[in-house]
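This is my_file_24.csv. It holds CSV, C-alpha atoms.
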```csv
chain,number,residue,atom,x,y,z
I,1,MET,CA,14.4,-94.9,314.4
I,2,THR,CA,13.1,-96.5,311.2
I,3,LYS,CA,12.1,-94.1,308.4
I,4,ILE,CA,8.7,-94.6,306.9
I,5,ASP,CA,8.7,-95.3,303.1
I,6,PRO,CA,5.3,-94.2,301.9
I,7,TYR,CA,5.6,-95.8,298.5
I,8,ASN,CA,7.6,-98.9,299.6
I,9,ASN,CA,10.4,-98.0,297.2
I,10,LYS,CA,13.0,-100.1,299.1
I,11,GLU,CA,10.8,-103.2,299.1
I,12,LYS,CA,9.9,-102.9,295.4
I,13,TYR,CA,13.5,-102.1,294.3
I,14,LEU,CA,15.1,-105.0,296.2
I,15,ALA,CA,12.4,-107.4,294.8
I,16,TRP,CA,13.1,-106.2,291.3
I,17,LYS,CA,16.9,-106.5,291.9
I,18,GLU,CA,16.4,-110.1,293.1
I,19,GLN,CA,14.3,-111.0,290.1
I,20,ASN,CA,16.8,-109.5,287.6
I,21,GLN,CA,20.2,-110.3,289.1
I,22,SER,CA,21.3,-112.5,286.2
I,23,GLN,CA,19.8,-110.3,283.4
I,24,ILE,CA,17.3,-107.6,282.9
I,25,SER,CA,14.6,-108.7,280.6
I,26,GLY,CA,13.9,-106.8,277.4
I,27,ILE,CA,17.5,-105.5,276.8
I,28,SER,CA,20.7,-107.0,275.6
I,29,LYS,CA,23.1,-108.9,278.0
I,30,GLU,CA,25.7,-106.1,277.6
I,31,ASN,CA,23.3,-103.4,278.5
I,32,SER,CA,21.9,-105.4,281.4
I,33,ASP,CA,25.4,-106.0,282.9
I,34,LEU,CA,26.2,-102.3,282.5
I,35,THR,CA,22.9,-101.2,284.1
I,36,LEU,CA,23.2,-103.6,287.0
I,37,ARG,CA,26.8,-102.6,287.7
I,38,PHE,CA,25.8,-98.9,287.5
I,39,LEU,CA,22.9,-99.3,289.9
I,40,ASN,CA,24.9,-101.4,292.3
I,41,ASP,CA,27.6,-98.6,292.5
I,42,MET,CA,24.9,-95.9,293.0
I,43,GLU,CA,23.3,-98.0,295.8
I,44,PHE,CA,26.6,-98.0,297.6
I,45,GLY,CA,27.9,-94.6,296.6
I,46,LEU,CA,30.8,-95.8,294.4
I,47,ASN,CA,32.3,-94.1,291.3
I,48,ILE,CA,30.1,-91.0,291.8
I,49,GLY,CA,30.9,-88.3,289.1
I,50,LEU,CA,32.8,-85.1,290.0
I,51,GLY,CA,30.6,-82.4,291.4
I,52,SER,CA,27.8,-84.8,292.4
I,53,LYS,CA,26.7,-85.5,296.0
I,54,ARG,CA,28.8,-88.1,297.7
I,55,GLY,CA,27.2,-91.2,299.3
I,56,SER,CA,24.6,-93.9,298.5
I,57,ARG,CA,21.5,-93.1,296.5
I,58,GLY,CA,18.0,-93.6,298.1
I,59,TYR,CA,15.6,-96.3,296.7
I,60,PHE,CA,13.4,-93.7,295.1
I,61,ARG,CA,16.4,-92.4,293.2
I,62,LEU,CA,17.5,-95.9,292.3
I,63,THR,CA,14.1,-96.7,291.0
I,64,ALA,CA,14.1,-93.7,288.7
I,65,LEU,CA,17.6,-94.4,287.4
I,66,LYS,CA,16.6,-98.1,286.8
I,67,GLN,CA,13.6,-97.1,284.8
I,68,ARG,CA,15.4,-94.5,282.6
I,69,MET,CA,18.4,-96.8,282.0
I,70,ILE,CA,16.2,-99.6,280.8
I,71,ALA,CA,14.3,-97.1,278.6
I,72,LEU,CA,17.5,-95.6,277.1
I,73,SER,CA,18.9,-99.1,276.5
I,74,LYS,CA,15.8,-100.2,274.6
I,75,THR,CA,15.7,-97.0,272.6
I,76,PHE,CA,19.3,-97.1,271.4
I,77,GLU,CA,19.2,-100.8,270.7
I,78,LYS,CA,16.3,-100.1,268.3
I,79,ARG,CA,17.3,-96.6,267.1
I,80,CYS,CA,21.0,-97.1,266.6
I,81,GLY,CA,21.6,-100.9,266.9
I,82,LEU,CA,23.7,-100.4,270.0
I,83,ASN,CA,23.8,-103.4,272.2
I,84,LYS,CA,26.2,-101.6,274.5
I,85,LEU,CA,25.1,-98.1,275.6
I,86,THR,CA,28.7,-97.0,276.2
I,87,ASP,CA,29.4,-97.3,272.5
I,88,ILE,CA,27.1,-94.3,271.8
I,89,THR,CA,28.6,-91.3,270.1
I,90,GLU,CA,28.1,-87.6,270.9
I,91,ALA,CA,26.2,-87.1,267.7
I,92,GLN,CA,23.8,-89.9,268.4
I,93,ILE,CA,23.0,-88.7,272.0
I,94,PHE,CA,22.5,-85.1,270.8
I,95,SER,CA,20.2,-86.2,268.0
I,96,TYR,CA,18.1,-88.3,270.4
I,97,PHE,CA,17.6,-85.7,273.1
I,98,GLY,CA,17.0,-83.1,270.5
I,99,ASP,CA,14.1,-85.1,269.0
I,100,MET,CA,12.8,-85.8,272.5
I,101,ARG,CA,12.9,-82.1,273.5
I,102,ASN,CA,11.2,-81.0,270.2
I,103,GLY,CA,8.4,-83.5,270.5
I,104,ILE,CA,9.5,-85.6,267.5
I,105,LEU,CA,10.0,-88.6,269.8
I,106,LYS,CA,6.9,-89.6,271.8
I,107,ARG,CA,6.2,-91.7,274.9
I,108,GLN,CA,4.8,-95.1,274.6
I,109,ASP,CA,1.3,-93.7,275.1
I,110,GLY,CA,1.8,-91.3,272.2
I,111,LYS,CA,2.2,-88.2,274.4
I,112,THR,CA,5.1,-85.7,274.4
I,113,TYR,CA,7.7,-86.2,277.2
I,114,ILE,CA,6.8,-83.9,280.1
I,115,SER,CA,10.4,-83.6,281.3
I,116,PRO,CA,13.1,-84.6,278.9
I,117,THR,CA,15.5,-82.9,281.3
I,118,ASN,CA,15.3,-85.8,283.7
I,119,PHE,CA,16.5,-88.2,281.0
I,120,VAL,CA,19.3,-85.9,280.1
I,121,LYS,CA,20.5,-85.5,283.7
I,122,ASP,CA,20.3,-89.3,284.3
I,123,PHE,CA,22.3,-90.1,281.2
I,124,LYS,CA,24.9,-87.5,282.3
I,125,THR,CA,25.0,-89.3,285.7
I,126,PHE,CA,25.5,-92.7,283.9
I,127,TRP,CA,28.2,-91.3,281.6
I,128,HIS,CA,30.1,-89.6,284.4
I,129,TRP,CA,30.0,-92.9,286.3
I,130,TRP,CA,31.4,-94.7,283.3
I,131,MET,CA,34.2,-92.1,283.0
I,132,LYS,CA,35.1,-92.6,286.6
I,133,VAL,CA,35.2,-96.4,286.2
I,134,ASN,CA,37.5,-96.1,283.3
I,135,LYS,CA,39.7,-93.5,284.9
I,136,LYS,CA,40.5,-96.0,287.7
I,137,GLU,CA,41.8,-98.3,285.0
I,138,GLY,CA,44.0,-95.6,283.5
I,139,ILE,CA,41.6,-94.8,280.6
I,140,GLU,CA,40.6,-91.2,279.9
I,141,LEU,CA,37.2,-90.9,278.2
I,142,LYS,CA,35.7,-87.8,276.5
I,143,ASP,CA,32.7,-86.3,278.3
I,144,ILE,CA,30.2,-86.5,275.4
I,145,THR,CA,27.5,-85.0,277.7
I,146,ALA,CA,29.3,-81.7,278.5
I,147,ASP,CA,27.3,-79.7,276.0
I,148,LEU,CA,23.9,-81.4,276.6
I,149,ASP,CA,21.1,-78.9,277.5
I,150,THR,CA,19.8,-79.7,281.0
I,151,SER,CA,17.4,-76.8,281.1
I,152,GLY,CA,13.7,-77.5,281.1
I,153,ASP,CA,10.3,-75.9,281.3
I,154,LYS,CA,9.1,-75.2,284.8
I,155,PRO,CA,6.5,-77.9,285.8
I,156,ASP,CA,2.9,-77.0,286.2
I,157,TRP,CA,1.3,-77.2,289.6
I,158,VAL,CA,-1.8,-76.0,291.5
I,159,TYR,CA,-1.5,-72.6,293.1
I,160,LEU,CA,-3.9,-71.7,295.9
I,161,THR,CA,-4.3,-68.4,297.7
I,162,GLU,CA,-4.8,-68.4,301.5
I,163,GLU,CA,-8.4,-67.6,300.9
I,164,GLN,CA,-8.9,-70.7,298.7
I,165,ILE,CA,-7.2,-72.9,301.2
I,166,LYS,CA,-9.6,-71.6,303.9
I,167,LYS,CA,-12.5,-72.6,301.6
I,168,LEU,CA,-11.1,-76.1,301.1
I,169,CYS,CA,-10.6,-76.5,304.8
I,170,ASN,CA,-14.1,-75.3,305.6
I,171,GLU,CA,-15.5,-78.1,303.4
I,172,ALA,CA,-13.0,-80.8,304.3
I,173,LYS,CA,-13.3,-83.6,306.8
I,174,TYR,CA,-11.6,-82.9,310.1
I,175,GLU,CA,-8.5,-85.0,309.5
I,176,TYR,CA,-8.0,-83.5,306.1
I,177,LYS,CA,-8.5,-80.0,307.4
I,178,VAL,CA,-5.7,-80.5,310.0
I,179,LEU,CA,-3.5,-82.1,307.3
I,180,ILE,CA,-4.0,-79.2,304.8
I,181,TRP,CA,-3.2,-76.5,307.4
I,182,PHE,CA,-0.2,-78.5,308.6
I,183,LEU,CA,1.2,-78.8,305.0
I,184,PHE,CA,0.5,-75.2,304.2
I,185,ASP,CA,2.0,-73.8,307.4
I,186,THR,CA,5.2,-76.0,307.5
I,187,GLY,CA,5.8,-76.4,303.8
I,188,ILE,CA,7.1,-79.9,304.6
I,189,ARG,CA,7.7,-82.4,301.8
I,190,ALA,CA,4.8,-84.7,301.4
I,191,PRO,CA,4.4,-87.5,301.8
I,192,THR,CA,8.1,-88.4,302.6
I,193,GLU,CA,8.9,-86.0,305.4
I,194,MET,CA,5.3,-85.5,306.5
I,195,MET,CA,4.6,-89.2,307.2
I,196,ASN,CA,7.7,-89.5,309.4
I,197,VAL,CA,6.6,-86.7,311.8
I,198,LYS,CA,5.9,-88.0,315.3
I,199,VAL,CA,4.2,-86.3,318.2
I,200,SER,CA,7.6,-86.2,320.0
I,201,ASP,CA,8.9,-84.0,317.2
I,202,PHE,CA,6.9,-81.0,318.5
I,203,PHE,CA,8.2,-78.6,321.0
I,204,ASN,CA,7.1,-75.5,323.0
I,205,ASP,CA,3.5,-76.5,323.3
I,206,PHE,CA,3.2,-77.4,319.5
I,207,LYS,CA,4.6,-74.1,318.4
I,208,GLU,CA,7.8,-75.6,317.0
I,209,LEU,CA,8.4,-78.7,314.8
I,210,ASN,CA,11.7,-80.6,314.5
I,211,ILE,CA,12.2,-82.3,311.1
I,212,ARG,CA,14.8,-85.0,311.9
I,213,GLU,CA,18.0,-85.5,309.9
I,214,GLU,CA,17.1,-89.2,309.1
I,215,THR,CA,13.7,-88.2,307.7
I,216,SER,CA,14.7,-85.1,305.8
I,217,LYS,CA,15.7,-85.0,302.1
I,218,THR,CA,18.4,-82.5,302.9
I,219,PHE,CA,19.1,-81.5,306.5
I,220,ARG,CA,17.6,-81.4,310.0
I,221,ARG,CA,15.6,-78.2,310.8
I,222,ARG,CA,13.5,-76.9,313.6
I,223,ILE,CA,10.8,-74.5,312.4
I,224,LYS,CA,8.0,-72.5,314.0
I,225,LEU,CA,4.3,-73.2,313.5
I,226,MET,CA,2.7,-69.8,313.0
I,227,ILE,CA,-0.8,-70.9,311.7
I,228,CYS,CA,-1.7,-74.5,312.7
I,229,SER,CA,-0.2,-74.8,316.3
I,230,ASP,CA,-3.6,-74.8,318.1
I,231,LEU,CA,-5.1,-77.1,315.5
I,232,ILE,CA,-2.4,-79.7,315.9
I,233,ARG,CA,-2.5,-79.6,319.7
I,234,ASP,CA,-6.3,-80.2,319.6
I,235,TYR,CA,-5.8,-82.9,317.0
I,236,VAL,CA,-3.3,-84.8,319.0
I,237,LYS,CA,-5.6,-84.6,322.1
I,238,THR,CA,-8.6,-85.7,320.1
I,239,LYS,CA,-6.9,-88.6,318.5
I,240,ASN,CA,-5.2,-89.5,321.9
I,241,LEU,CA,-1.8,-89.7,320.2
I,242,LYS,CA,1.3,-90.4,322.3
I,243,GLY,CA,5.0,-89.3,321.9
I,244,ASP,CA,6.1,-92.1,319.5
I,245,ASP,CA,2.9,-92.1,317.4
I,246,CYS,CA,3.0,-90.7,313.9
I,247,LEU,CA,1.0,-87.6,313.4
I,248,PHE,CA,-0.6,-88.8,310.2
I,249,THR,CA,-1.0,-92.4,309.1
I,250,ILE,CA,-2.5,-92.1,305.6
I,251,SER,CA,-2.4,-93.6,302.2
I,252,PRO,CA,-0.8,-91.1,299.9
I,253,PRO,CA,-2.8,-92.2,296.7
I,254,ALA,CA,-6.1,-92.2,298.6
I,255,THR,CA,-5.3,-88.8,300.2
I,256,ASN,CA,-4.4,-87.2,296.8
I,257,LYS,CA,-7.6,-88.7,295.4
I,258,TYR,CA,-9.7,-87.1,298.1
I,259,LEU,CA,-7.9,-83.7,297.6
I,260,LYS,CA,-8.7,-83.8,293.9
I,261,ARG,CA,-12.4,-84.5,294.6
I,262,LEU,CA,-12.5,-81.8,297.3
I,263,ALA,CA,-10.9,-79.2,295.0
I,264,LYS,CA,-13.3,-79.9,292.2
I,265,ARG,CA,-16.3,-79.6,294.5
I,266,VAL,CA,-15.1,-76.3,296.1
I,267,LEU,CA,-13.0,-74.6,293.4
I,268,GLY,CA,-14.3,-76.1,290.2
I,269,ASN,CA,-12.2,-77.4,287.3
I,270,GLY,CA,-10.6,-74.2,286.3
I,271,LYS,CA,-6.9,-73.7,285.7
I,272,SER,CA,-4.8,-72.3,288.6
I,273,PRO,CA,-2.2,-69.5,288.0
I,274,ALA,CA,0.6,-72.1,288.1
I,275,GLY,CA,-0.7,-74.0,285.1
I,276,SER,CA,-2.5,-77.1,286.5
I,277,ASN,CA,-6.2,-77.4,287.0
I,278,TYR,CA,-7.6,-77.4,290.5
I,279,THR,CA,-8.7,-81.0,290.1
I,280,GLN,CA,-5.1,-82.0,289.9
I,281,LEU,CA,-4.4,-80.9,293.5
I,282,THR,CA,-2.0,-83.1,295.5
I,283,MET,CA,-0.3,-82.9,298.9
I,284,TYR,CA,2.9,-81.6,297.4
I,285,ASP,CA,1.1,-78.6,295.9
I,286,PHE,CA,0.7,-77.2,299.4
I,287,ARG,CA,4.5,-77.0,299.7
I,288,HIS,CA,4.5,-74.8,296.6
I,289,CYS,CA,1.7,-72.7,298.1
I,290,SER,CA,3.5,-72.5,301.4
I,291,CYS,CA,6.6,-71.2,299.7
I,292,CYS,CA,4.6,-68.5,298.0
I,293,TYR,CA,2.9,-67.5,301.3
I,294,TRP,CA,6.2,-67.3,303.3
I,295,LEU,CA,8.4,-65.8,300.6
I,296,PRO,CA,7.3,-62.1,301.1
I,297,ARG,CA,7.1,-62.6,304.9
I,298,TYR,CA,10.7,-63.7,305.5
I,299,LYS,CA,13.3,-61.0,305.8
I,300,SER,CA,16.2,-63.0,304.6
I,301,GLU,CA,16.9,-65.7,302.0
I,302,SER,CA,18.9,-67.9,304.4
I,303,ALA,CA,16.0,-68.0,306.9
I,304,LEU,CA,13.5,-69.0,304.1
I,305,LYS,CA,15.9,-71.6,302.8
I,306,TYR,CA,16.3,-73.1,306.3
I,307,ARG,CA,12.5,-73.4,306.7
I,308,PHE,CA,12.0,-75.3,303.5
I,309,GLY,CA,15.2,-77.4,303.6
I,310,TRP,CA,16.9,-75.8,300.6
I,311,LYS,CA,20.6,-75.7,300.1
I,312,LYS,CA,20.4,-73.3,297.0
I,313,SER,CA,18.6,-70.1,296.2
I,314,ASP,CA,17.2,-71.2,292.8
I,315,LYS,CA,13.8,-72.2,294.3
I,316,ILE,CA,13.4,-68.7,295.8
I,317,HIS,CA,14.0,-67.1,292.5
I,318,TYR,CA,11.5,-69.4,290.9
I,319,TYR,CA,8.7,-68.6,293.3
I,320,SER,CA,9.7,-64.9,293.1
I,321,GLU,CA,8.9,-65.0,289.4
I,322,MET,CA,5.7,-66.9,290.1
I,323,LEU,CA,4.5,-64.1,292.4
I,324,GLY,CA,5.6,-61.4,290.0
I,325,MET,CA,8.2,-60.1,292.4
I,326,LYS,CA,11.0,-59.8,289.9
I,327,ASP,CA,11.8,-56.4,288.3
I,328,THR,CA,8.6,-54.8,289.5
I,329,ILE,CA,10.0,-51.7,291.3
I,330,SER,CA,8.4,-48.5,290.1
I,331,GLU,CA,9.0,-44.8,290.4
I,332,GLU,CA,6.3,-44.7,293.1
I,333,ASP,CA,8.3,-47.3,295.0
I,334,MET,CA,11.4,-45.3,294.7
I,335,LEU,CA,9.6,-42.2,295.9
I,336,ILE,CA,8.4,-44.1,298.9
I,337,ASP,CA,11.9,-45.3,299.6
I,338,ILE,CA,13.4,-41.7,299.2
I,339,THR,CA,10.7,-40.3,301.4
I,340,LYS,CA,11.4,-42.9,304.0
I,341,ILE,CA,15.1,-42.1,303.9
I,342,GLU,CA,14.5,-38.4,304.1
I,343,LEU,CA,12.1,-38.9,307.1
I,344,GLU,CA,14.7,-41.0,308.8
I,345,LYS,CA,17.3,-38.3,308.3
I,346,ARG,CA,15.0,-35.7,309.7
I,347,LEU,CA,14.1,-37.8,312.6
I,348,ASP,CA,17.7,-38.4,313.4
I,349,LYS,CA,18.4,-34.7,313.2
I,350,PHE,CA,15.4,-33.9,315.5
I,351,GLU,CA,16.6,-36.5,318.0
I,352,LYS,CA,20.1,-35.0,318.1
I,353,GLU,CA,18.6,-31.4,318.5
I,354,ASN,CA,16.3,-32.7,321.2
I,355,GLN,CA,19.2,-34.3,323.0
I,356,MET,CA,21.2,-31.1,322.8
I,357,LEU,CA,18.2,-29.2,324.2
I,358,LYS,CA,17.9,-31.7,327.0
I,359,GLU,CA,21.6,-31.3,327.8
I,360,ASP,CA,21.3,-27.5,327.7
I,361,ASN,CA,18.3,-27.6,330.0
I,362,GLN,CA,20.2,-29.9,332.3
I,363,SER,CA,23.1,-27.4,332.4
I,364,ILE,CA,20.7,-24.5,333.1
I,365,ARG,CA,19.1,-26.5,335.9
I,366,GLN,CA,22.5,-27.3,337.3
I,367,ASP,CA,23.5,-23.6,337.1
I,368,ASN,CA,20.2,-22.5,338.8
I,369,GLU,CA,20.8,-25.0,341.6
I,370,ALA,CA,24.4,-23.7,342.1
I,371,MET,CA,23.1,-20.1,342.1
I,372,LYS,CA,20.5,-20.9,344.7
I,373,ILE,CA,23.2,-22.4,346.9
I,374,GLN,CA,25.4,-19.4,346.4
I,375,ILE,CA,22.5,-17.0,347.3
I,376,ALA,CA,21.7,-19.1,350.4
I,377,GLN,CA,25.3,-18.9,351.4
I,378,ILE,CA,25.4,-15.1,350.8
I,379,GLY,CA,22.2,-14.9,352.9
I,380,GLU,CA,23.9,-16.8,355.8
I,381,LEU,CA,27.0,-14.7,355.6
I,382,THR,CA,24.9,-11.5,355.6
I,383,LYS,CA,23.1,-12.7,358.7
I,384,ILE,CA,26.4,-13.5,360.4
I,385,LEU,CA,27.8,-10.1,359.4
I,386,TYR,CA,24.7,-8.3,360.6
I,387,THR,CA,24.8,-10.1,364.0
I,388,GLN,CA,28.5,-9.2,364.4
I,389,MET,CA,27.9,-5.6,363.6
I,390,LYS,CA,25.1,-5.5,366.1
I,391,ILE,CA,27.3,-6.9,368.8
I,392,ASN,CA,30.1,-4.4,368.1
I,393,ARG,CA,27.6,-1.5,368.4
I,394,GLU,CA,26.3,-2.7,371.7
I,395,ILE,CA,29.9,-3.0,373.1
I,396,GLN,CA,30.7,0.6,372.0
I,397,ILE,CA,27.6,1.9,373.9
```
Re-express the file's structure as structure tokens.
Amino acid sequence: MTKIDPYNNKEKYLAWKEQNQSQISGISKENSDLTLRFLNDMEFGLNIGLGSKRGSRGYFRLTALKQRMIALSKTFEKRCGLNKLTDITEAQIFSYFGDMRNGILKRQDGKTYISPTNFVKDFKTFWHWWMKVNKKEGIELKDITADLDTSGDKPDWVYLTEEQIKKLCNEAKYEYKVLIWFLFDTGIRAPTEMMNVKVSDFFNDFKELNIREETSKTFRRRIKLMICSDLIRDYVKTKNLKGDDCLFTISPPATNKYLKRLAKRVLGNGKSPAGSNYTQLTMYDFRHCSCCYWLPRYKSESALKYRFGWKKSDKIHYYSEMLGMKDTISEEDMLIDITKIELEKRLDKFEKENQMLKEDNQSIRQDNEAMKIQIAQIGELTKILYTQMKINREIQI
């Protein structure tokens, strides 16, 4: 089953690769050869650094690596006169990323880099690849990236409460209303996973959704629809969709544009608690909102991680902080817990005493029944004895 690529990353990347197979324009021949060799290995999963995920990289990831490698090559050719990126020193790379992080280096549009961390991580990926290539030739290289800071500020996004989402849906066109509730309920990655959902992926009368392995970023999962089940069932019927039909056939840019207009009309241009203005709303923000909605409702981390397709718990900790759920326990909470424990103990004691009383009553009832039987037997024996005595008297007379 073919996976839908909403942004045509594969087509665009392969076209770029074909156009630049001899040399990437704008950078030196040495850096071009290095970049093409690096990207080719990443495409096929070769010479992956230790600790990194095995296997080939997707076209979205390859596109990001391509863009950053070209940007880094241009920068160091101009900044340090390096025509070969692998000649860089530890001091040069630390100076560069330090200036980027501190806002000294600006983007081409004059703005500060939003996420220098991505550049740091991608350069580490490149350097670890280069170390692996050399190790196969018997050459040990120093890891000049070992001490690079990969931490970064948490990105801003649009946080919406359930009530705000209801307001949006009340004002949205029918198709967008269904889409919003679906995104909020499932927490599915949009548009990548969402656009690959087919009618045949629903089970149990649209109460469960199967997110297939080949369409998921991480792993296959089957989740329950607790909010939008009836809405999806009616939508499929209204649209006359069949088993192999995609649930949503949309243009991601056009959809995000509509959501921004809708948010401005319904919620205004204020700033949401997560940092971004409501007018910056996108489909992916509903995944964030869904996480915040389900986090306090799930009893275990593993179940929540499964629903959202996470392999690690760091996302849970992030959203816990967002909701103010970290280090918020108070003395009142402790008293509630203590009272609860005490009540449970008392209830347990009462149940045991009640059970003992039941057993005692049972024993008394059994004794009473036995006594009744004995009295009845004595009565019968008395009757027999009286009859015998009467017969004996009659014989004597």
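Nearest to Asn31 (chain I) of all the residues I:Leu72, I:Leu357, I:Leu209, I:Leu241 is I:Leu72, based on only C-alpha atoms.
Going from CA of Arg37 (chain I) over to CA of Thr2 (chain I), you cover 27.9 Å.
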Point (1.7, -90.0, 316.4), cut-off 10 Å, counting all atoms listed in the file, residues as a short mmCIF file (atom, residue, chain, number, x, y, z; two decimals) with C-alpha atoms, in the frame of the given file:
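Saved to part-v7.cif:
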```
data_model
loop_
_atom_site.label_atom_id
_atom_site.label_comp_id
_atom_site.auth_asym_id
_atom_site.auth_seq_id
_atom_site.Cartn_x
_atom_site.Cartn_y
_atom_site.Cartn_z
CA MET I 195 4.60 -89.20 307.20
CA ASN I 196 7.70 -89.50 309.40
CA VAL I 197 6.60 -86.70 311.80
CA LYS I 198 5.90 -88.00 315.30
CA VAL I 199 4.20 -86.30 318.20
CA SER I 200 7.60 -86.20 320.00
CA ASP I 201 8.90 -84.00 317.20
CA VAL I 236 -3.30 -84.80 319.00
CA LYS I 239 -6.90 -88.60 318.50
CA ASN I 240 -5.20 -89.50 321.90
CA LEU I 241 -1.80 -89.70 320.20
CA LYS I 242 1.30 -90.40 322.30
CA GLY I 243 5.00 -89.30 321.90
CA ASP I 244 6.10 -92.10 319.50
CA ASP I 245 2.90 -92.10 317.40
CA CYS I 246 3.00 -90.70 313.90
CA LEU I 247 1.00 -87.60 313.40
CA PHE I 248 -0.60 -88.80 310.20
CA THR I 249 -1.00 -92.40 309.10
#
```
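Distance-wise, CA of Ser300 (chain I) and CA of Ser320 (chain I) end up 13.3 Å apart.
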Exercise. If you count only C-alpha atoms, which residues fall within 9 Å of region 156-170 of chain I, apart from same-chain ones fewer than 2 positions away, as an MDAnalysis selection string?
Worked result: chainID I and resid 153:154 172:174 176:178 180:181 184 259 262:263 266:267 271:282 285:286 288:289 292:293
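The gap separating CA of Phe219 (chain I) from CA of Lys312 (chain I) is 12.6 Å, in Å to one decimal.
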For this session: Taking (24.7, -84.1, 274.2) in the file's own coordinates, collect the residues within 8 Å, counting only C-alpha atoms, and hand them back as a ChimeraX atom specification.
Result: /I:90-91,93-95,97,144-149
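Across I:Asn102, I:Asn204, I:Ser28, I:Asn47, the tightest approach to Leu82 (chain I) is made by I:Ser28 when counting only C-alpha atoms.
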Problem set entry | Long-range neighbours of Glu77 (chain I) as a PyMOL selection string, 9 Å cut-off, only C-alpha atoms, 6 positions minimum in chain | chain I and resi 27-28+83-85
For this session: With a distance cut-off of 10 Å and all atoms listed in the file, select the neighbouring residues of Ser52 (chain I), excluding the residue or stretch itself and same-chain residues fewer than 4 positions from it, and output the selection as number ranges by chain.
Result: I: 48, 125, 128
Problem set entry | All residues 9 Å or closer to Arg189 (chain I), only C-alpha atoms, same chain fewer than 6 positions away omitted, as a list in words | Leu183, Ser216, Lys217, Met283, Tyr284, Arg287 and Phe308 of chain I
